[in-house]
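Containing compact mmCIF, C-alpha atoms: query.txt.
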# COMPACT_ATOMS: atom_id res chain seq x y z
CA MET N 1 -9.74 168.78 135.77
CA LEU N 2 -6.54 166.71 135.56
CA GLU N 3 -8.49 163.62 136.57
CA GLY N 4 -10.96 164.21 133.74
CA LEU N 5 -8.12 164.64 131.24
CA LYS N 6 -6.48 161.43 132.48
CA ALA N 7 -9.74 159.49 132.05
CA ALA N 8 -10.19 160.87 128.54
CA LEU N 9 -6.66 159.86 127.53
CA GLU N 10 -7.17 156.35 128.93
CA HIS N 11 -10.41 156.08 126.97
CA VAL N 12 -8.67 157.10 123.74
CA GLU N 13 -5.85 154.66 124.43
CA GLY N 14 -8.40 151.87 124.96
CA LEU N 15 -10.11 152.66 121.67
CA ALA N 16 -6.76 152.56 119.92
CA ARG N 17 -6.01 149.12 121.33
CA GLU N 18 -9.43 147.83 120.27
CA ASN N 19 -8.93 149.08 116.73
CA GLU N 20 -5.41 147.72 116.50
CA LYS N 21 -5.10 145.19 113.71
CA THR N 22 -4.79 141.63 114.96
CA GLU N 23 -1.60 140.04 113.72
CA VAL N 24 -0.51 136.43 113.93
CA ILE N 25 3.03 136.00 115.16
CA GLU N 26 5.27 133.01 115.72
CA ILE N 27 7.32 132.54 118.88
CA CYS N 28 9.60 129.51 119.29
CA GLY N 29 7.72 127.66 116.61
CA HIS N 30 4.27 128.31 118.12
CA THR N 31 1.56 130.54 116.62
CA TYR N 32 0.02 133.38 118.70
CA ALA N 33 -2.25 136.39 118.19
CA ASN N 34 -0.51 139.64 119.09
CA LYS N 35 -3.38 141.02 121.22
CA SER N 36 -3.79 138.27 123.78
CA LEU N 37 -0.81 136.04 122.95
CA LYS N 38 -3.32 133.19 122.81
CA ARG N 39 -1.99 130.20 120.94
CA TYR N 40 -3.84 129.26 117.77
CA ASP N 41 -1.96 126.12 116.77
CA ASN N 42 -3.16 124.02 119.74
CA THR N 43 -5.58 121.17 119.14
CA ASP N 44 -8.87 121.72 120.97
CA LYS N 45 -9.51 119.36 123.89
CA ALA N 46 -12.75 117.42 124.28
CA THR N 47 -15.12 118.04 127.18
CA ALA N 48 -15.12 114.90 129.30
CA LEU N 49 -18.30 112.86 129.49
CA GLU N 50 -19.46 112.20 133.05
CA ALA N 51 -21.23 109.21 134.60
CA SER N 52 -21.66 107.51 137.97
CA SER N 53 -20.92 103.86 137.18
CA LEU N 54 -17.95 101.84 135.95
CA THR N 55 -20.32 100.10 133.55
CA ALA N 56 -20.88 103.38 131.70
CA LEU N 57 -17.13 103.84 131.31
CA LEU N 58 -16.70 100.33 129.90
CA ASP N 59 -19.64 100.83 127.54
CA TYR N 60 -18.02 103.99 126.23
CA ILE N 61 -14.64 102.33 125.71
CA GLY N 62 -16.19 99.36 123.93
CA ALA N 63 -18.50 101.34 121.65
CA CYS N 64 -16.74 104.66 121.12
CA TYR N 65 -13.04 103.79 120.96
CA GLU N 66 -12.91 105.41 117.51
CA GLU N 67 -13.16 108.75 119.34
CA PHE N 68 -9.77 108.14 120.93
CA PRO N 69 -7.00 110.31 119.46
CA LYS N 70 -5.32 108.42 116.62
CA ASP N 71 -2.27 106.34 117.55
CA THR N 72 -2.59 107.38 121.21
CA ASP N 73 -2.52 105.00 124.15
CA MET N 74 -5.20 105.49 126.80
CA ILE N 75 -4.95 105.35 130.59
CA ILE N 76 -7.70 104.47 133.04
CA HIS N 77 -6.65 106.36 136.15
CA ILE N 78 -8.28 105.26 139.41
CA VAL N 79 -7.92 108.53 141.31
CA ASN N 80 -9.60 107.25 144.49
CA PRO N 81 -12.42 104.84 145.47
CA LYS N 82 -15.01 107.30 144.16
CA ARG N 83 -13.38 108.73 141.02
CA VAL N 84 -12.03 107.15 137.82
CA ARG N 85 -10.83 108.99 134.70
CA LEU N 86 -10.09 107.91 131.12
CA ILE N 87 -7.20 110.03 129.87
CA THR N 88 -4.74 110.04 127.01
CA ALA N 89 -1.02 109.48 127.26
CA LEU N 90 1.13 112.60 127.05
CA ASP N 91 0.87 114.42 123.74
CA ALA N 92 3.52 116.52 121.99
CA GLU N 93 2.75 119.40 124.37
CA ARG N 94 3.22 117.13 127.46
CA THR N 95 -0.49 117.40 128.36
CA ARG N 96 -3.27 114.83 128.74
CA GLU N 97 -6.87 114.89 127.52
CA CYS N 98 -9.67 113.50 129.71
CA LEU N 99 -12.42 111.85 127.66
CA PHE N 100 -14.53 110.26 130.40
CA GLU N 101 -14.89 110.72 134.16
CA VAL N 102 -16.81 108.54 136.59
CA ASN N 103 -17.82 109.68 140.09
CA ALA N 104 -19.46 107.10 142.34
CA GLU N 105 -22.74 107.94 144.02
CA VAL N 106 -22.51 106.67 147.59
CA ASN N 107 -24.57 107.23 150.69
CA GLU N 108 -22.42 109.29 153.00
CA PHE N 109 -22.49 108.15 156.61
CA ARG N 110 -20.84 110.80 158.77
CA PHE N 111 -18.20 108.92 160.72
CA GLY N 112 -17.12 110.69 163.90
CA HIS N 113 -20.54 112.41 164.13
CA TRP N 114 -23.07 111.85 166.93
CA TYR N 115 -26.51 110.61 165.84
CA ASP N 116 -29.68 110.39 167.87
CA GLN N 117 -31.21 106.96 168.19
CA GLU N 118 -33.73 107.16 165.34
CA ALA N 119 -31.35 108.76 162.84
CA PHE N 120 -28.60 106.29 163.71
CA MET N 121 -30.85 103.28 163.08
CA ILE N 122 -31.94 104.68 159.71
CA GLU N 123 -28.37 105.44 158.63
CA LEU N 124 -27.22 101.94 159.56
CA GLN N 125 -29.87 100.35 157.35
CA ALA N 126 -29.27 102.71 154.44
CA ASN N 127 -25.48 102.85 154.34
CA PHE N 128 -24.14 99.42 155.35
CA GLN N 129 -24.21 95.89 154.01
CA SER N 130 -25.76 93.26 156.28
CA SER N 131 -23.32 91.50 158.60
CA GLU N 132 -23.23 89.92 162.06
CA ASP N 133 -21.55 92.94 163.60
CA LEU N 134 -24.07 95.29 161.98
CA GLU N 135 -26.90 93.31 163.52
CA LEU N 136 -25.13 93.50 166.88
CA VAL N 137 -24.79 97.28 166.64
CA GLN N 138 -28.42 97.63 165.52
CA LYS N 139 -29.61 95.51 168.43
CA MET N 140 -27.55 97.52 170.87
CA ALA N 141 -28.53 100.94 169.49
CA GLY N 142 -32.18 100.01 169.09
CA ASN N 143 -32.64 98.85 172.67
CA VAL N 144 -30.34 101.03 174.75
CA GLU N 145 -31.98 103.62 176.99
CA ARG N 146 -31.05 106.09 179.66
CA LYS N 147 -30.61 104.76 183.19
CA ASN N 148 -31.77 106.89 186.11
CA ASP N 149 -30.29 110.07 184.62
CA GLN N 150 -26.81 108.62 185.05
CA SER N 151 -24.05 108.70 182.46
CA TYR N 152 -22.97 105.50 180.80
CA ALA N 153 -19.93 103.87 182.34
CA ASP N 154 -16.87 104.63 180.18
CA ASP N 155 -13.22 103.84 180.95
CA GLY N 156 -11.93 105.12 177.60
CA ILE N 157 -11.64 101.62 176.16
CA SER N 158 -15.01 100.00 176.73
CA GLN N 159 -18.45 101.27 177.68
CA VAL N 160 -21.36 99.83 179.61
CA ALA N 161 -24.95 100.84 178.84
CA VAL N 162 -28.35 99.67 180.00
CA MET N 163 -30.31 97.77 177.36
CA THR N 164 -33.82 96.39 177.45
CA VAL N 165 -33.83 92.60 177.24
CA GLY N 166 -37.56 92.01 177.49
CA ALA N 167 -40.87 93.74 177.96
CA ALA N 168 -39.77 95.12 181.31
CA ALA N 169 -36.39 93.66 182.17
CA LYS N 170 -33.19 95.65 181.69
CA ALA N 171 -29.55 94.65 181.98
CA ASP N 172 -26.14 96.32 181.84
CA VAL N 173 -24.31 95.21 178.70
CA LYS N 174 -20.84 95.94 177.38
CA VAL N 175 -20.76 97.95 174.15
CA PRO N 176 -18.99 95.88 171.44
CA ASN N 177 -15.66 97.32 170.24
CA PRO N 178 -14.26 97.35 167.69
CA VAL N 179 -16.88 96.23 165.20
CA THR N 180 -16.25 95.16 161.60
CA LEU N 181 -18.70 96.81 159.22
CA VAL N 182 -19.11 97.14 155.45
CA PRO N 183 -20.24 100.65 154.45
CA TYR N 184 -21.12 101.59 150.87
CA ARG N 185 -18.07 103.70 150.02
CA THR N 186 -17.15 102.91 146.43
CA PHE N 187 -18.68 101.84 143.10
CA GLN N 188 -21.52 99.35 143.36
CA GLU N 189 -20.00 97.07 140.71
CA VAL N 190 -17.12 96.06 143.01
CA GLY N 191 -16.86 94.55 146.47
CA GLN N 192 -17.25 96.98 149.35
CA PRO N 193 -14.25 96.79 151.73
CA ALA N 194 -14.89 95.88 155.36
CA SER N 195 -13.04 97.74 158.10
CA ALA N 196 -13.00 98.17 161.84
CA PHE N 197 -14.92 100.93 163.61
CA VAL N 198 -15.08 102.14 167.19
CA PHE N 199 -18.70 102.16 168.32
CA ARG N 200 -19.49 104.77 170.98
CA VAL N 201 -22.61 105.40 173.05
CA GLY N 202 -23.08 108.93 174.35
CA ASP N 203 -25.14 110.44 177.15
CA LYS N 204 -26.50 113.77 175.91
CA GLY N 205 -29.86 113.80 177.65
CA GLU N 206 -30.95 110.98 175.35
CA PRO N 207 -28.90 108.10 173.96
CA THR N 208 -26.62 109.10 171.09
CA PHE N 209 -24.34 106.99 168.94
CA MET N 210 -21.19 107.38 166.88
CA LEU N 211 -18.98 105.25 164.63
CA GLN N 212 -15.34 106.23 164.22
CA GLU N 213 -12.96 104.69 161.66
CA ALA N 214 -10.24 102.70 163.39
CA GLN N 215 -7.80 101.74 160.61
CA ASN N 216 -6.65 105.08 159.23
CA GLY N 217 -8.36 104.67 155.86
CA LEU N 218 -6.72 101.37 154.87
CA TRP N 219 -9.96 100.40 153.15
CA ARG N 220 -9.12 102.82 150.33
CA ASN N 221 -6.26 100.62 149.14
CA GLU N 222 -8.55 97.59 149.00
CA ALA N 223 -11.25 99.55 147.19
CA VAL N 224 -8.82 100.78 144.53
CA ALA N 225 -7.50 97.22 144.08
CA ASN N 226 -11.07 95.95 143.64
CA ILE N 227 -11.80 98.60 141.01
CA LYS N 228 -8.58 97.83 139.16
CA ALA N 229 -9.30 94.09 139.11
CA TYR N 230 -12.85 94.67 137.87
CA LEU N 231 -11.76 96.99 135.05
CA ALA N 232 -8.84 94.76 134.04
CA GLN N 233 -11.14 91.77 133.73
CA ALA N 234 -13.61 93.71 131.59
CA VAL N 235 -10.96 95.27 129.34
CA SER N 236 -9.31 91.88 128.76
CA HIS N 237 -12.43 90.75 126.87
CA MET N 238 -12.42 93.71 124.47
CA GLN N 239 -11.04 93.75 120.94
CA PRO N 240 -7.23 93.51 120.71
CA ASN N 241 -6.99 96.92 119.03
CA VAL N 242 -8.68 98.38 122.12
CA ARG N 243 -7.33 96.41 125.06
CA ASP N 244 -3.72 96.54 123.82
CA HIS N 245 -3.79 100.33 124.00
CA ILE N 246 -5.27 100.71 127.50
CA THR N 247 -3.29 100.84 130.74
CA ILE N 248 -4.99 100.79 134.13
CA ILE N 249 -3.29 102.53 137.03
CA GLY N 250 -4.43 103.02 140.60
Give the structure from the file, written as structure tokens.
Amino acid sequence: MLEGLKAALEHVEGLARENEKTEVIEICGHTYANKSLKRYDNTDKATALEASSLTALLDYIGACYEEFPKDTDMIIHIVNPKRVRLITALDAERTRECLFEVNAEVNEFRFGHWYDQEAFMIELQANFQSSEDLELVQKMAGNVERKNDQSYADDGISQVAVMTVGAAAKADVKVPNPVTLVPYRTFQEVGQPASAFVFRVGDKGEPTFMLQEAQNGLWRNEAVANIKAYLAQAVSHMQPNVRDHITIIG
């Protein structure tokens, strides 16, 4: 019975709160509603437009700069090799507004992951720019085969695998390491950074292959620098009232 009384009182209390008159109050110079203490004197923020190319961002800046908040400097922030944002400088509330965000669409090769022979060959063609080392890896991966049910020779630094060299002939060859490859890892408008990879051949019943990054992600610095140079060049050709109010950081 007491539980029922408690529930009834809570229900009445809830109804009283709902019917309470909303009042606008001011606290430290800011306007709030008394029910939720939500501020009502804040300027609404825009929802950022989204795209997948740097060209779209530049098109927006060049054609829609009148949408920028009046008398506000803009910042192009290169967050990482795959993400760039157009944001405002700090406003009176010490916040920033994001007007445009670009996220690169890249083919994701899974570094450090073992691939079977067919999948590895497909991924190499789809996710890397042509180069001498890529051709070397493709030749090696495309022709290697298992040898008498024996594991590949591996001393932790280099590997030896058997590779077909003709219609019937086979020969032991040393697996190339490291190899310098150029994966698609950033925006297509800029140069793709090359970096070193450890190429491994595995013996898991059938030949398997893996590429492991060998430079601790140094390519990211080069990619960001490439993006910054590309954007700076494009912005420099815009109208003075636009380019003079844009800062690029990355």
One number please: atom CA of Phe128 of chain N to atom CA of Pro183 of chain N, in Å, one decimal.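 Distance reported for this atom pair: 4.2 Å.
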With a cut-off of 8 Å, could you pull out the residues of segment 76-153 of chain N touching segment 206-224 of chain N and give me the nearest pair of atoms for each, distance in Å to one decimal, using only C-alpha atoms, ordered by chain and ascending number, as JSON lines?
{"residue": "N:Ile78", "atom": "CA", "partner": "N:Val224", "partner_atom": "CA", "distance": 6.8}
{"residue": "N:Asn80", "atom": "CA", "partner": "N:Val224", "partner_atom": "CA", "distance": 6.5}
{"residue": "N:Pro81", "atom": "CA", "partner": "N:Val224", "partner_atom": "CA", "distance": 5.5}
{"residue": "N:Phe111", "atom": "CA", "partner": "N:Gln212", "partner_atom": "CA", "distance": 5.3}
{"residue": "N:Gly112", "atom": "CA", "partner": "N:Gln212", "partner_atom": "CA", "distance": 4.8}
{"residue": "N:His113", "atom": "CA", "partner": "N:Met210", "partner_atom": "CA", "distance": 5.8}
{"residue": "N:Trp114", "atom": "CA", "partner": "N:Met210", "partner_atom": "CA", "distance": 4.8}
{"residue": "N:Tyr115", "atom": "CA", "partner": "N:Phe209", "partner_atom": "CA", "distance": 5.2}
{"residue": "N:Asp116", "atom": "CA", "partner": "N:Thr208", "partner_atom": "CA", "distance": 4.6}
{"residue": "N:Gln117", "atom": "CA", "partner": "N:Thr208", "partner_atom": "CA", "distance": 5.8}
{"residue": "N:Phe120", "atom": "CA", "partner": "N:Phe209", "partner_atom": "CA", "distance": 6.8}
{"residue": "N:Ala141", "atom": "CA", "partner": "N:Phe209", "partner_atom": "CA", "distance": 7.4}
{"residue": "N:Val144", "atom": "CA", "partner": "N:Pro207", "partner_atom": "CA", "distance": 7.3}
{"residue": "N:Glu145", "atom": "CA", "partner": "N:Pro207", "partner_atom": "CA", "distance": 6.2}
{"residue": "N:Arg146", "atom": "CA", "partner": "N:Pro207", "partner_atom": "CA", "distance": 6.4}
With all atoms listed in the file as the basis for distance, which of N:Met238, N:Leu54, N:Val198, N:Ala48 is at the shortest distance from Ile87 of chain N?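 Among the listed residues, N:Ala48 lies closest to Ile87 of chain N.
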Which neighbours of Lys45 of chain N fall inside 12 Å, counting all atoms listed in the file, when residues of the same chain fewer than 3 positions from it are skipped, and could you give them as a PyMOL selection string? chain N and resi 42+48+68-69+87-88+91+95-99
Please, what distance in Å, to one decimal, runs between atom CA of Arg85 of chain N and atom CA of Leu57 of chain N?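 Separating atom CA of Arg85 of chain N from atom CA of Leu57 of chain N is a distance of 8.8 Å.
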Go ahead and compute the interatomic distance for atom CA of Ala46 of chain N and atom CA of Ile249 of chain N, in Å to one decimal. 21.8 Å
Of the candidates N:Glu123, N:Glu50, N:Asp203, N:Asp44, which one gets nearest to Asn103 of chain N if we count all atoms listed in the file? N:Glu50
Could you write segment 174-198 of chain N as a short mmCIF file (atom, residue, chain, number, x, y, z; two decimals), keeping the file's coordinate frame, with N, CA, C and O atoms rebuilt where they are missing?
data_model
loop_
_atom_site.label_atom_id
_atom_site.label_comp_id
_atom_site.auth_asym_id
_atom_site.auth_seq_id
_atom_site.Cartn_x
_atom_site.Cartn_y
_atom_site.Cartn_z
N LYS N 174 -22.05 95.30 177.85
CA LYS N 174 -20.84 95.94 177.38
C LYS N 174 -20.99 96.29 175.90
O LYS N 174 -21.40 95.45 175.09
N VAL N 175 -20.67 97.51 175.54
CA VAL N 175 -20.76 97.95 174.15
C VAL N 175 -19.66 97.26 173.34
O VAL N 175 -18.49 97.30 173.72
N PRO N 176 -19.99 96.60 172.23
CA PRO N 176 -18.99 95.88 171.44
C PRO N 176 -18.00 96.83 170.77
O PRO N 176 -18.40 97.83 170.19
N ASN N 177 -16.70 96.50 170.86
CA ASN N 177 -15.66 97.32 170.24
C ASN N 177 -14.40 96.50 170.01
O ASN N 177 -14.01 95.73 170.89
N PRO N 178 -13.71 96.66 168.86
CA PRO N 178 -14.26 97.35 167.69
C PRO N 178 -15.23 96.45 166.95
O PRO N 178 -15.30 95.25 167.23
N VAL N 179 -15.96 97.02 166.01
CA VAL N 179 -16.88 96.23 165.20
C VAL N 179 -16.43 96.29 163.74
O VAL N 179 -15.89 97.31 163.30
N THR N 180 -16.62 95.22 163.01
CA THR N 180 -16.25 95.16 161.60
C THR N 180 -17.50 95.35 160.76
O THR N 180 -18.42 94.53 160.80
N LEU N 181 -17.52 96.45 160.01
CA LEU N 181 -18.70 96.81 159.22
C LEU N 181 -18.32 97.02 157.75
O LEU N 181 -17.15 97.22 157.42
N VAL N 182 -19.34 96.99 156.90
CA VAL N 182 -19.11 97.14 155.45
C VAL N 182 -19.96 98.28 154.91
O VAL N 182 -21.08 98.07 154.43
N PRO N 183 -19.47 99.52 154.99
CA PRO N 183 -20.24 100.65 154.45
C PRO N 183 -20.16 100.68 152.92
O PRO N 183 -19.24 100.16 152.31
N TYR N 184 -21.16 101.34 152.32
CA TYR N 184 -21.12 101.59 150.87
C TYR N 184 -20.26 102.82 150.64
O TYR N 184 -20.68 103.96 150.86
N ARG N 185 -19.01 102.59 150.15
CA ARG N 185 -18.07 103.70 150.02
C ARG N 185 -17.40 103.77 148.66
O ARG N 185 -16.55 104.64 148.44
N THR N 186 -17.76 102.89 147.76
CA THR N 186 -17.15 102.91 146.43
C THR N 186 -18.18 102.46 145.40
O THR N 186 -19.37 102.35 145.72
N PHE N 187 -17.76 102.20 144.18
CA PHE N 187 -18.68 101.84 143.10
C PHE N 187 -19.41 100.54 143.41
O PHE N 187 -18.83 99.59 143.93
N GLN N 188 -20.69 100.50 143.04
CA GLN N 188 -21.52 99.35 143.36
C GLN N 188 -21.11 98.09 142.60
O GLN N 188 -21.44 96.98 143.01
N GLU N 189 -20.39 98.24 141.49
CA GLU N 189 -20.00 97.07 140.71
C GLU N 189 -18.92 96.23 141.40
O GLU N 189 -18.68 95.08 140.99
N VAL N 190 -18.22 96.78 142.38
CA VAL N 190 -17.12 96.06 143.01
C VAL N 190 -17.43 95.79 144.48
O VAL N 190 -18.36 96.36 145.05
N GLY N 191 -16.65 94.89 145.07
CA GLY N 191 -16.86 94.55 146.47
C GLY N 191 -16.57 95.74 147.39
O GLY N 191 -15.61 96.48 147.18
N GLN N 192 -17.42 95.90 148.38
CA GLN N 192 -17.25 96.98 149.35
C GLN N 192 -16.29 96.52 150.46
O GLN N 192 -16.54 95.49 151.09
N PRO N 193 -15.21 97.23 150.72
CA PRO N 193 -14.25 96.79 151.73
C PRO N 193 -14.83 96.86 153.15
O PRO N 193 -15.54 97.81 153.49
N ALA N 194 -14.53 95.86 153.94
CA ALA N 194 -14.89 95.88 155.36
C ALA N 194 -13.75 96.51 156.15
O ALA N 194 -12.58 96.41 155.76
N SER N 195 -14.08 97.18 157.23
CA SER N 195 -13.04 97.74 158.10
C SER N 195 -13.57 97.88 159.51
O SER N 195 -14.78 97.78 159.76
N ALA N 196 -12.65 98.10 160.42
CA ALA N 196 -13.00 98.17 161.84
C ALA N 196 -13.43 99.58 162.22
O ALA N 196 -12.88 100.57 161.73
N PHE N 197 -14.41 99.65 163.12
CA PHE N 197 -14.92 100.93 163.61
C PHE N 197 -15.06 100.87 165.13
O PHE N 197 -15.39 99.82 165.70
N VAL N 198 -14.82 102.00 165.76
CA VAL N 198 -15.08 102.14 167.19
C VAL N 198 -16.52 102.61 167.35
O VAL N 198 -16.91 103.63 166.77
#
